[in-house]
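Structure, as structure tokens:
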Amino acid sequence: MARPVSSRRAGRPTRPTAAVAAEVRTAIADAIAAGWEQFQQITDPAELEAAGPDVVGDADAHNAFVAAESVAAEGRHEALAMLGRGEEAQAEARQAYATELARPWHQALPDSDDAQRAVTGAAAKAQTRTTEHLLAVRLEQLRTQARPEPVRPAEWSQRLPELAARPLDSEILEVIA
């Protein structure tokens, strides 16, 4: 089972999920506005009006989609970079480096370019795999936190007496009478 990702990295507390979500929403809104502004600058207003509202709506939706994808990719890249500098990813890289150094073929040719590429490549791959794993674990934790527990309503046998005890309003009493 995966260990929970620490809420502190390099002595810095992580930002609360709500704050990060607000920053992401703002970044997406800013990217959408910038993209739309750029679209309007390169598009002739008369041609845009002649194309009709569906074309404008489609262009706006496409712009929003591309902007959101871009912000998400940038956020993923930043998260991977931050996690890659963390102790867990660094430890995995050191372990892979040491393991590759201990291989018999490396012992025979320790100073060759191929041997050096193999050692550094193994360390980089291990660090990347660990970083991606840590990001996947953290994202699952955030999804779990964001997903509210389903609330089961009380059984009808418990709700009906409460509903029956409520007085009927005057309109309903008139209809019944």
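Following the order of the structure tokens, chains are lettered A, B, ..., residues in each are numbered from 1, and ligands are numbered from 1.
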Do a neighbour search on stretch 63-68 of chain A at 12 Å with only C-alpha atoms, toss out local chain neighbours closer than 5 positions, and write the hits as number ranges by chain. A: 24-40, 56-58, 73-75
Env of A:Arg103: 12 Å cut, atoms = only C-alpha atoms, seq-sep filter 6 positions within chain, self excluded. Answer as a ChimeraX atom specification. /A:96-97,109-110,115,118-119,122
Contacts of A:Arg94 at 12 Å (only C-alpha atoms; same-chain gap of 2+ positions) as a PDB file with all heavy atoms, in the first residue's frame:
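Saved to selection.pdb:
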ATOM      1  N   GLU A  87      12.941  14.231  -1.248  1.00  0.00           N
ATOM      2  CA  GLU A  87      13.846  13.217  -0.702  1.00  0.00           C
ATOM      3  C   GLU A  87      13.539  11.818  -1.240  1.00  0.00           C
ATOM      4  O   GLU A  87      14.461  11.056  -1.539  1.00  0.00           O
ATOM      5  CB  GLU A  87      13.778  13.229   0.825  1.00  0.00           C
ATOM      6  CG  GLU A  87      14.730  12.262   1.485  1.00  0.00           C
ATOM      7  CD  GLU A  87      16.197  12.440   1.061  1.00  0.00           C
ATOM      8  OE1 GLU A  87      16.640  13.582   0.852  1.00  0.00           O
ATOM      9  OE2 GLU A  87      16.891  11.412   0.914  1.00  0.00           O
ATOM     10  N   GLU A  88      12.260  11.471  -1.384  1.00  0.00           N
ATOM     11  CA  GLU A  88      11.925  10.119  -1.839  1.00  0.00           C
ATOM     12  C   GLU A  88      12.435   9.852  -3.254  1.00  0.00           C
ATOM     13  O   GLU A  88      13.023   8.799  -3.519  1.00  0.00           O
ATOM     14  CB  GLU A  88      10.417   9.896  -1.768  1.00  0.00           C
ATOM     15  CG  GLU A  88       9.908   9.803  -0.345  1.00  0.00           C
ATOM     16  CD  GLU A  88       8.396   9.800  -0.289  1.00  0.00           C
ATOM     17  OE1 GLU A  88       7.807  10.893  -0.223  1.00  0.00           O
ATOM     18  OE2 GLU A  88       7.837   8.693  -0.309  1.00  0.00           O
ATOM     19  N   ALA A  89      12.225  10.801  -4.159  1.00  0.00           N
ATOM     20  CA  ALA A  89      12.688  10.623  -5.532  1.00  0.00           C
ATOM     21  C   ALA A  89      14.207  10.631  -5.600  1.00  0.00           C
ATOM     22  O   ALA A  89      14.805   9.842  -6.346  1.00  0.00           O
ATOM     23  CB  ALA A  89      12.105  11.719  -6.423  1.00  0.00           C
ATOM     24  N   GLN A  90      14.821  11.482  -4.818  1.00  0.00           N
ATOM     25  CA  GLN A  90      16.289  11.529  -4.801  1.00  0.00           C
ATOM     26  C   GLN A  90      16.870  10.219  -4.259  1.00  0.00           C
ATOM     27  O   GLN A  90      17.874   9.723  -4.768  1.00  0.00           O
ATOM     28  CB  GLN A  90      16.770  12.711  -3.954  1.00  0.00           C
ATOM     29  CG  GLN A  90      16.418  14.072  -4.533  1.00  0.00           C
ATOM     30  CD  GLN A  90      17.152  14.348  -5.834  1.00  0.00           C
ATOM     31  OE1 GLN A  90      18.322  14.030  -5.973  1.00  0.00           O
ATOM     32  NE2 GLN A  90      16.444  14.927  -6.783  1.00  0.00           N
ATOM     33  N   ALA A  91      16.253   9.668  -3.220  1.00  0.00           N
ATOM     34  CA  ALA A  91      16.722   8.406  -2.645  1.00  0.00           C
ATOM     35  C   ALA A  91      16.607   7.276  -3.669  1.00  0.00           C
ATOM     36  O   ALA A  91      17.512   6.428  -3.778  1.00  0.00           O
ATOM     37  CB  ALA A  91      15.935   8.070  -1.382  1.00  0.00           C
ATOM     38  N   GLU A  92      15.517   7.241  -4.410  1.00  0.00           N
ATOM     39  CA  GLU A  92      15.357   6.213  -5.448  1.00  0.00           C
ATOM     40  C   GLU A  92      16.427   6.363  -6.521  1.00  0.00           C
ATOM     41  O   GLU A  92      16.975   5.375  -7.009  1.00  0.00           O
ATOM     42  CB  GLU A  92      13.964   6.291  -6.077  1.00  0.00           C
ATOM     43  CG  GLU A  92      12.859   5.757  -5.202  1.00  0.00           C
ATOM     44  CD  GLU A  92      12.961   4.259  -4.953  1.00  0.00           C
ATOM     45  OE1 GLU A  92      13.363   3.496  -5.866  1.00  0.00           O
ATOM     46  OE2 GLU A  92      12.639   3.839  -3.832  1.00  0.00           O
ATOM     47  N   ALA A  96      19.188   3.497  -7.504  1.00  0.00           N
ATOM     48  CA  ALA A  96      19.347   2.978  -8.864  1.00  0.00           C
ATOM     49  C   ALA A  96      20.770   3.215  -9.368  1.00  0.00           C
ATOM     50  O   ALA A  96      21.345   2.351 -10.040  1.00  0.00           O
ATOM     51  CB  ALA A  96      18.339   3.646  -9.799  1.00  0.00           C
ATOM     52  N   TYR A  97      21.332   4.343  -9.042  1.00  0.00           N
ATOM     53  CA  TYR A  97      22.711   4.666  -9.427  1.00  0.00           C
ATOM     54  C   TYR A  97      23.667   3.642  -8.821  1.00  0.00           C
ATOM     55  O   TYR A  97      24.525   3.089  -9.515  1.00  0.00           O
ATOM     56  CB  TYR A  97      23.039   6.084  -8.949  1.00  0.00           C
ATOM     57  CG  TYR A  97      24.339   6.648  -9.461  1.00  0.00           C
ATOM     58  CD1 TYR A  97      24.374   7.369 -10.641  1.00  0.00           C
ATOM     59  CD2 TYR A  97      25.527   6.476  -8.756  1.00  0.00           C
ATOM     60  CE1 TYR A  97      25.560   7.900 -11.120  1.00  0.00           C
ATOM     61  CE2 TYR A  97      26.720   7.004  -9.221  1.00  0.00           C
ATOM     62  CZ  TYR A  97      26.730   7.720 -10.406  1.00  0.00           C
ATOM     63  OH  TYR A  97      27.893   8.244 -10.879  1.00  0.00           O
ATOM     64  N   ALA A  98      23.507   3.389  -7.530  1.00  0.00           N
ATOM     65  CA  ALA A  98      24.377   2.432  -6.842  1.00  0.00           C
ATOM     66  C   ALA A  98      24.203   1.024  -7.394  1.00  0.00           C
ATOM     67  O   ALA A  98      25.176   0.280  -7.561  1.00  0.00           O
ATOM     68  CB  ALA A  98      24.089   2.449  -5.342  1.00  0.00           C
ATOM     69  N   THR A  99      22.970   0.641  -7.701  1.00  0.00           N
ATOM     70  CA  THR A  99      22.702  -0.689  -8.244  1.00  0.00           C
ATOM     71  C   THR A  99      23.376  -0.847  -9.596  1.00  0.00           C
ATOM     72  O   THR A  99      23.986  -1.881  -9.886  1.00  0.00           O
ATOM     73  CB  THR A  99      21.183  -0.916  -8.373  1.00  0.00           C
ATOM     74  OG1 THR A  99      20.591  -0.803  -7.080  1.00  0.00           O
ATOM     75  CG2 THR A  99      20.862  -2.270  -8.977  1.00  0.00           C
ATOM     76  N   GLU A 100      23.280   0.176 -10.423  1.00  0.00           N
ATOM     77  CA  GLU A 100      23.891   0.112 -11.747  1.00  0.00           C
ATOM     78  C   GLU A 100      25.421   0.074 -11.643  1.00  0.00           C
ATOM     79  O   GLU A 100      26.083  -0.631 -12.410  1.00  0.00           O
ATOM     80  CB  GLU A 100      23.432   1.304 -12.593  1.00  0.00           C
ATOM     81  CG  GLU A 100      23.658   1.153 -14.068  1.00  0.00           C
ATOM     82  CD  GLU A 100      22.843   0.052 -14.717  1.00  0.00           C
ATOM     83  OE1 GLU A 100      21.749  -0.286 -14.232  1.00  0.00           O
ATOM     84  OE2 GLU A 100      23.325  -0.492 -15.726  1.00  0.00           O
ATOM     85  N   LEU A 101      25.986   0.809 -10.686  1.00  0.00           N
ATOM     86  CA  LEU A 101      27.441   0.784 -10.481  1.00  0.00           C
ATOM     87  C   LEU A 101      27.930  -0.607 -10.091  1.00  0.00           C
ATOM     88  O   LEU A 101      29.055  -0.994 -10.414  1.00  0.00           O
ATOM     89  CB  LEU A 101      27.857   1.765  -9.382  1.00  0.00           C
ATOM     90  CG  LEU A 101      27.946   3.239  -9.741  1.00  0.00           C
ATOM     91  CD1 LEU A 101      28.282   4.056  -8.501  1.00  0.00           C
ATOM     92  CD2 LEU A 101      28.967   3.482 -10.838  1.00  0.00           C
ATOM     93  N   VAL A 119      24.519   4.404 -15.988  1.00  0.00           N
ATOM     94  CA  VAL A 119      24.359   4.739 -14.572  1.00  0.00           C
ATOM     95  C   VAL A 119      23.465   5.956 -14.402  1.00  0.00           C
ATOM     96  O   VAL A 119      22.516   5.938 -13.611  1.00  0.00           O
ATOM     97  CB  VAL A 119      25.750   4.978 -13.924  1.00  0.00           C
ATOM     98  CG1 VAL A 119      25.615   5.552 -12.536  1.00  0.00           C
ATOM     99  CG2 VAL A 119      26.530   3.691 -13.883  1.00  0.00           C
ATOM    100  N   THR A 120      23.757   7.009 -15.137  1.00  0.00           N
ATOM    101  CA  THR A 120      22.940   8.225 -14.995  1.00  0.00           C
ATOM    102  C   THR A 120      21.533   8.013 -15.539  1.00  0.00           C
ATOM    103  O   THR A 120      20.567   8.549 -14.998  1.00  0.00           O
ATOM    104  CB  THR A 120      23.611   9.426 -15.688  1.00  0.00           C
ATOM    105  OG1 THR A 120      23.847   9.093 -17.050  1.00  0.00           O
ATOM    106  CG2 THR A 120      24.903   9.807 -15.002  1.00  0.00           C
ATOM    107  N   GLY A 121      21.423   7.205 -16.613  1.00  0.00           N
ATOM    108  CA  GLY A 121      20.091   6.915 -17.161  1.00  0.00           C
ATOM    109  C   GLY A 121      19.237   6.128 -16.182  1.00  0.00           C
ATOM    110  O   GLY A 121      18.039   6.399 -16.033  1.00  0.00           O
ATOM    111  N   ALA A 122      19.824   5.150 -15.517  1.00  0.00           N
ATOM    112  CA  ALA A 122      19.080   4.360 -14.528  1.00  0.00           C
ATOM    113  C   ALA A 122      18.615   5.251 -13.376  1.00  0.00           C
ATOM    114  O   ALA A 122      17.470   5.121 -12.911  1.00  0.00           O
ATOM    115  CB  ALA A 122      19.953   3.222 -14.004  1.00  0.00           C
ATOM    116  N   ALA A 123      19.477   6.144 -12.946  1.00  0.00           N
ATOM    117  CA  ALA A 123      19.102   7.056 -11.853  1.00  0.00           C
ATOM    118  C   ALA A 123      17.962   7.979 -12.286  1.00  0.00           C
ATOM    119  O   ALA A 123      16.991   8.182 -11.544  1.00  0.00           O
ATOM    120  CB  ALA A 123      20.311   7.874 -11.410  1.00  0.00           C
ATOM    121  N   ALA A 124      18.061   8.522 -13.491  1.00  0.00           N
ATOM    122  CA  ALA A 124      17.016   9.430 -13.988  1.00  0.00           C
ATOM    123  C   ALA A 124      15.680   8.704 -14.147  1.00  0.00           C
ATOM    124  O   ALA A 124      14.623   9.248 -13.791  1.00  0.00           O
ATOM    125  CB  ALA A 124      17.448  10.043 -15.314  1.00  0.00           C
ATOM    126  N   LYS A 125      15.720   7.479 -14.675  1.00  0.00           N
ATOM    127  CA  LYS A 125      14.478   6.702 -14.840  1.00  0.00           C
ATOM    128  C   LYS A 125      13.837   6.405 -13.487  1.00  0.00           C
ATOM    129  O   LYS A 125      12.616   6.513 -13.326  1.00  0.00           O
ATOM    130  CB  LYS A 125      14.737   5.404 -15.594  1.00  0.00           C
ATOM    131  CG  LYS A 125      14.952   5.593 -17.060  1.00  0.00           C
ATOM    132  CD  LYS A 125      15.223   4.256 -17.739  1.00  0.00           C
ATOM    133  CE  LYS A 125      15.542   4.438 -19.197  1.00  0.00           C
ATOM    134  NZ  LYS A 125      15.873   3.155 -19.844  1.00  0.00           N
ATOM    135  N   ALA A 126      14.646   6.021 -12.526  1.00  0.00           N
ATOM    136  CA  ALA A 126      14.110   5.722 -11.192  1.00  0.00           C
ATOM    137  C   ALA A 126      13.502   6.969 -10.566  1.00  0.00           C
ATOM    138  O   ALA A 126      12.427   6.908  -9.955  1.00  0.00           O
ATOM    139  CB  ALA A 126      15.214   5.167 -10.294  1.00  0.00           C
ATOM    140  N   GLN A 127      14.163   8.081 -10.709  1.00  0.00           N
ATOM    141  CA  GLN A 127      13.647   9.337 -10.158  1.00  0.00           C
ATOM    142  C   GLN A 127      12.332   9.707 -10.840  1.00  0.00           C
ATOM    143  O   GLN A 127      11.373  10.106 -10.179  1.00  0.00           O
ATOM    144  CB  GLN A 127      14.674  10.445 -10.342  1.00  0.00           C
ATOM    145  CG  GLN A 127      14.262  11.758  -9.728  1.00  0.00           C
ATOM    146  CD  GLN A 127      15.351  12.807  -9.872  1.00  0.00           C
ATOM    147  OE1 GLN A 127      16.332  12.621 -10.591  1.00  0.00           O
ATOM    148  NE2 GLN A 127      15.177  13.921  -9.191  1.00  0.00           N
ATOM    149  N   THR A 130       9.506   7.336  -9.700  1.00  0.00           N
ATOM    150  CA  THR A 130       9.106   7.658  -8.324  1.00  0.00           C
ATOM    151  C   THR A 130       8.292   8.937  -8.283  1.00  0.00           C
ATOM    152  O   THR A 130       7.269   9.024  -7.603  1.00  0.00           O
ATOM    153  CB  THR A 130      10.356   7.787  -7.426  1.00  0.00           C
ATOM    154  OG1 THR A 130      11.067   6.558  -7.485  1.00  0.00           O
ATOM    155  CG2 THR A 130       9.975   8.091  -6.001  1.00  0.00           C
TER     156      THR A 130
END
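The interatomic distance for the pair atom CA of A:Gly86 and atom CA of A:Asp111 works out to 29.1 Å.
Of note, atom CA of A:Leu80 and atom CA of A:Leu135 are spaced 6.9 Å apart.
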Give me every helix (DSSP H, G or I) residue in stretch 15-160 of chain A, going by DSSP on the backbone, as an NGL selection string. :A and (17-42 or 45-51 or 53-84 or 87-101 or 104-108 or 113-146 or 156-160)
